[in-house]
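Q: Following this message is one structure expressed as structure tokens.
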Amino acid sequence: MVGGVRVRDGAGGEHGGDDEDGGDEAMVMKTTGWWRRFILLFFWGSANDRKKISWVAWDVTLNNRCKGGLGIGSLKAQNIALLTKWWWRYKTEENALWRRVISAIHGEDGKLGQVTTPKGNWSTIASINRSTEKANLSLSSLFSKSLGRGTKTRFWQDVWCDEGSLADRFPRLAALDKDKDCTIADRITETSQGKVFTWEWRRHLRGERDLSDLATVRNLCERIKLGDEDERWNWELETDGIYSVSSLHYALDDMCLGRSGVRTTWNKIVPIKTRILMWRTKLNRIPTKSNLVRRGISLENDFCPLCNSSPETTMHLFVDCDRTKEVRRVLNTWWKIFSVDGSSLDSLLSQTTQSTGVHGDRSKTETLKEVVLHAYLGAIWRNRNETVFNQASFIPSRVANDIQAEAFLWFRYRSNLGCGISWLDWCCTSFLM
Ligand SMILES: [Zn+2]
């Protein structure tokens, strides 16, 4: 019945959780932890007996792309969001058989947000709010109820205004009502002159305490608004008010995962391997010689394998190195989009064609420039590796030709924009204008 894995998180999860239970729940957490480790090792190409450097913190990698991650999402957050969906279903599927079974066992409120006994799947679901609260997200404030006409909400017994049910807060008054299960509509009628209250007491109210309690209840009731529609539950994280697993998953990740500070460039025309290379390069998390030395790897020297004249940093390799500048010079005999003397990776693309575009389409031009920049990055890195590991020669004109051809293949066959473009069109200097 349960979508999602029961969660009792100890150390090692992305989000805090409860740690008071053992037994099968500890085993479940072990499984979640195993999956988490498996994905991490797979991502960085490691194995149990062959450990590789994790170049970017895992909680940054998991985060959304606008926060500088890869948008993988945390397994734990997804699990919590799946379990929370049962709260939504419990609240909205009033006549479902499974819901009637739960309410027969645990009571009408399903003990949501409370500790239930016996322990089991439902107790894990009912107390999932404790996991979200550790991320500063209160489920009780994320689920809100439009009372509508008030025909389905019990005046004394249900929680419909702040701080618990009225029966809990004003037990003397609730006990004096002839009908403990009366609805809001039984007691309040909305008229053009304001609210009209209909009380049915067992006896006349007397004494200061009863009267002051009644005044407080009336004040609370004045704050609510009754409508003409049926009551309904709303999920505050979605504009249509309907619960979605992704909205809570996203909110939890947003609160709990790390940020890199650099928005991830994510161009779907480019193969994912090159997109990840772009992400790592922008974060300066690629194994250049300087980065390896900084992480304690011993090398003969840290000179750039292409020019042998400066330490090989990310900035040097892609921006400052004379050999890669030469590649950009050759590329500029094709499309004049590269700045030969850029001061950063982002500044490599010159702004000269920004006001024009392919057939007047500026966004298409920007997309094309981004595709070529990815191809540039991929080709430089690939050829640099060939030079380091296979002593291949780095020939700028050949690398530039590779970039031109690779960008064409991506644009032609991986996007709708490139449909019908011929190689001759592509090679034309004026194509972008
Ligand atoms: Zn160099």
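In the structure tokens, each chain is lettered A, B, ... as it comes, each chain's residues begin at 1, and ligands are numbered from 1 in order of appearance.
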Taking only stretch 22-186 of chain A into account, list the residues labelled alpha helix (DSSP H) by DSSP (computed from the backbone), as an MDAnalysis selection string.
A: chainID A and resid 23:43 58:62 75:92 97:106 121:126 129:133 139:142 166:169 171:176 184:186
Q: If you take only C-alpha atoms and a cut-off of 7 Å, which residues of stretch 197-236 of chain A touch stretch 184-193 of chain A, and what are their nearest atom pairs and distances in Å to one decimal, in chain and number order, as CSV?
A:
```
residue,atom,partner,partner_atom,distance
A:Phe197,CA,A:Ile188,CA,4.8
A:Thr198,CA,A:Arg187,CA,4.8
A:Trp199,CA,A:Arg187,CA,6.1
A:Leu226,CA,A:Glu190,CA,6.7
```
Q: At most 8 Å is the cut-off: for each residue in chain A with any atom that close to an atom of ligand 1, write down the nearest atom pair and the distance in Å rounded to one decimal, counting only C-alpha atoms and all ligand atoms, chain first then increasing number, as CSV.
A:
```
residue,atom,partner,partner_atom_place_in_ligand_line,distance
A:Phe303,CA,ligand 1,1 (Zn),7.7
A:Cys304,CA,ligand 1,1 (Zn),4.6
A:Pro305,CA,ligand 1,1 (Zn),6.6
A:Leu306,CA,ligand 1,1 (Zn),4.9
A:Cys307,CA,ligand 1,1 (Zn),4.0
A:Asn308,CA,ligand 1,1 (Zn),6.1
A:Ser309,CA,ligand 1,1 (Zn),6.3
A:Ser310,CA,ligand 1,1 (Zn),6.1
A:Pro311,CA,ligand 1,1 (Zn),7.7
A:Glu312,CA,ligand 1,1 (Zn),6.6
A:His316,CA,ligand 1,1 (Zn),6.2
A:Leu317,CA,ligand 1,1 (Zn),5.6
A:Asp320,CA,ligand 1,1 (Zn),7.1
A:Cys321,CA,ligand 1,1 (Zn),3.9
A:Asp322,CA,ligand 1,1 (Zn),6.1
A:Arg323,CA,ligand 1,1 (Zn),6.3
A:Thr324,CA,ligand 1,1 (Zn),7.5
```
Q: Generate a file of the selected residues that holds C-alpha atoms, formatted as a CSV table (one decimal), in the first residue's frame.
A:
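The result, written out as out-v3.csv:
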```csv
chain,number,residue,atom,x,y,z
A,303,PHE,CA,52.9,22.3,-16.6
A,304,CYS,CA,50.3,22.6,-19.3
A,305,PRO,CA,50.8,19.6,-21.6
A,306,LEU,CA,49.9,21.7,-24.6
A,307,CYS,CA,52.3,24.7,-24.3
A,308,ASN,CA,54.6,23.5,-21.5
A,309,SER,CA,55.0,27.1,-20.3
A,310,SER,CA,52.5,27.7,-17.5
A,311,PRO,CA,50.9,25.6,-14.7
A,312,GLU,CA,47.9,23.8,-16.1
A,316,HIS,CA,44.9,28.5,-18.4
A,317,LEU,CA,43.8,25.4,-20.4
A,320,ASP,CA,44.9,31.6,-21.5
A,321,CYS,CA,46.9,28.9,-23.3
A,322,ASP,CA,48.4,30.0,-26.6
A,323,ARG,CA,47.5,26.7,-28.2
A,324,THR,CA,43.8,26.9,-27.3
```
Q: Skip stretch 254-268 of chain A itself and residues of its chain fewer than 6 positions away, then list as a list in words all residues within 7 Å of it, counting only C-alpha atoms.
A: His15, Asp59, Val60, Asn63, Arg65, Cys66, Lys67, Gly68, Gly69, Ala135, Arg275 and Trp279 of chain A
Q: Can I get the selected residues back with C-alpha atoms, as a short mmCIF file (atom, residue, chain, number, x, y, z; two decimals), in the first residue's frame?
A:
```cif
data_model
loop_
_atom_site.label_atom_id
_atom_site.label_comp_id
_atom_site.auth_asym_id
_atom_site.auth_seq_id
_atom_site.Cartn_x
_atom_site.Cartn_y
_atom_site.Cartn_z
CA HIS A 15 17.96 15.19 5.65
CA ASP A 59 24.75 17.40 -1.75
CA VAL A 60 25.65 20.14 -4.28
CA ASN A 63 20.65 20.01 -5.92
CA ARG A 65 20.32 23.12 -11.60
CA CYS A 66 19.36 26.70 -10.78
CA LYS A 67 21.16 26.17 -7.44
CA GLY A 68 24.28 24.93 -9.23
CA GLY A 69 23.66 21.18 -9.02
CA ALA A 135 14.02 20.96 7.09
CA ARG A 275 27.06 19.03 -20.19
CA TRP A 279 29.33 22.02 -15.12
#
```
Q: From the set A:Arg130, A:His374, A:Arg172, A:Lys111, which residue has the shortest atom-to-atom contact distance to A:Ile269, counting only C-alpha atoms?
A: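 Smallest separation from A:Ile269 among the options: A:His374.
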Q: Between atom CA of A:Ala407 and atom CA of A:Cys419, what distance in Å does the model show, to one decimal?
A: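 Calculated distance between atom CA of A:Ala407 and atom CA of A:Cys419 is 13.8 Å.
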Q: Expressed in Å to a single decimal, how great is the separation between atom CA of A:Ser244 and atom CA of A:Trp86?
A: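 Atom CA of A:Trp86 lies 11.2 Å from atom CA of A:Ser244.
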Q: Quick check for you: according to DSSP on this backbone, which residues of stretch 130-365 of chain A are classed as strand (DSSP E)? Reply as a PyMOL selection string.
A: chain A and resi 143-146+188-191+194-197+232-235
Q: Write out the residues from the selection above, keeping N, CA and C atoms, as an mmCIF file, in the first residue's frame.
A:
```cif
data_model
loop_
_atom_site.group_PDB
_atom_site.id
_atom_site.type_symbol
_atom_site.label_atom_id
_atom_site.label_comp_id
_atom_site.auth_asym_id
_atom_site.auth_seq_id
_atom_site.Cartn_x
_atom_site.Cartn_y
_atom_site.Cartn_z
ATOM 1 N N PHE A 143 -0.623 22.016 4.340
ATOM 2 C CA PHE A 143 -1.981 21.571 4.003
ATOM 3 C C PHE A 143 -2.956 22.583 4.609
ATOM 4 N N SER A 144 -3.746 23.237 3.800
ATOM 5 C CA SER A 144 -4.734 24.146 4.373
ATOM 6 C C SER A 144 -6.115 23.742 3.854
ATOM 7 N N LYS A 145 -7.110 24.128 4.592
ATOM 8 C CA LYS A 145 -8.453 23.697 4.230
ATOM 9 C C LYS A 145 -9.337 24.904 3.928
ATOM 10 N N SER A 146 -9.979 24.882 2.751
ATOM 11 C CA SER A 146 -11.018 25.885 2.483
ATOM 12 C C SER A 146 -12.294 25.310 3.080
ATOM 13 N N ILE A 188 -22.765 28.415 12.496
ATOM 14 C CA ILE A 188 -22.510 29.740 11.918
ATOM 15 C C ILE A 188 -23.212 29.849 10.565
ATOM 16 N N THR A 189 -23.898 30.936 10.355
ATOM 17 C CA THR A 189 -24.473 31.223 9.036
ATOM 18 C C THR A 189 -23.918 32.567 8.583
ATOM 19 N N GLU A 190 -23.414 32.571 7.340
ATOM 20 C CA GLU A 190 -22.847 33.813 6.795
ATOM 21 C C GLU A 190 -23.982 34.590 6.130
ATOM 22 N N THR A 191 -24.230 35.812 6.576
ATOM 23 C CA THR A 191 -25.263 36.639 5.938
ATOM 24 C C THR A 191 -24.629 37.947 5.471
ATOM 25 N N GLY A 194 -23.235 39.917 8.211
ATOM 26 C CA GLY A 194 -22.169 39.303 9.016
ATOM 27 C C GLY A 194 -22.576 37.914 9.464
ATOM 28 N N LYS A 195 -21.843 37.376 10.424
ATOM 29 C CA LYS A 195 -22.105 35.991 10.846
ATOM 30 C C LYS A 195 -23.235 35.965 11.883
ATOM 31 N N VAL A 196 -24.087 34.944 11.700
ATOM 32 C CA VAL A 196 -25.143 34.722 12.692
ATOM 33 C C VAL A 196 -24.838 33.398 13.392
ATOM 34 N N PHE A 197 -24.817 33.425 14.734
ATOM 35 C CA PHE A 197 -24.464 32.222 15.487
ATOM 36 C C PHE A 197 -25.727 31.536 16.008
ATOM 37 N N ARG A 232 -12.598 22.019 0.638
ATOM 38 C CA ARG A 232 -11.540 21.276 -0.062
ATOM 39 C C ARG A 232 -10.196 21.544 0.593
ATOM 40 N N TRP A 233 -9.298 20.579 0.413
ATOM 41 C CA TRP A 233 -7.941 20.730 0.925
ATOM 42 C C TRP A 233 -7.068 21.385 -0.125
ATOM 43 N N ASN A 234 -6.148 22.216 0.323
ATOM 44 C CA ASN A 234 -5.200 22.864 -0.603
ATOM 45 C C ASN A 234 -3.783 22.536 -0.196
ATOM 46 N N TRP A 235 -2.953 22.333 -1.182
ATOM 47 C CA TRP A 235 -1.510 22.132 -0.967
ATOM 48 C C TRP A 235 -0.826 23.439 -1.340
#
```
Q: May I ask for the distance between atom CA of A:Ala96 and atom CA of A:Ile242, given in Å to one decimal place?
A: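 One can read the atom CA of A:Ala96 to atom CA of A:Ile242 distance as 18.1 Å.
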Q: Extract, using only C-alpha atoms, all DNA, RNA and protein residues at most 10 Å from A:Asn291, discarding same-chain residues fewer than 4 positions from it, and format them as a PyMOL selection string.
A: chain A and resi 55+284-287+295-297+302+312-314
Q: Under the rule that only C-alpha atoms are counted, which of A:Arg382, A:Phe394, A:Trp88, A:Thr365 is the nearest residue to A:Gly418?
A: A:Thr365
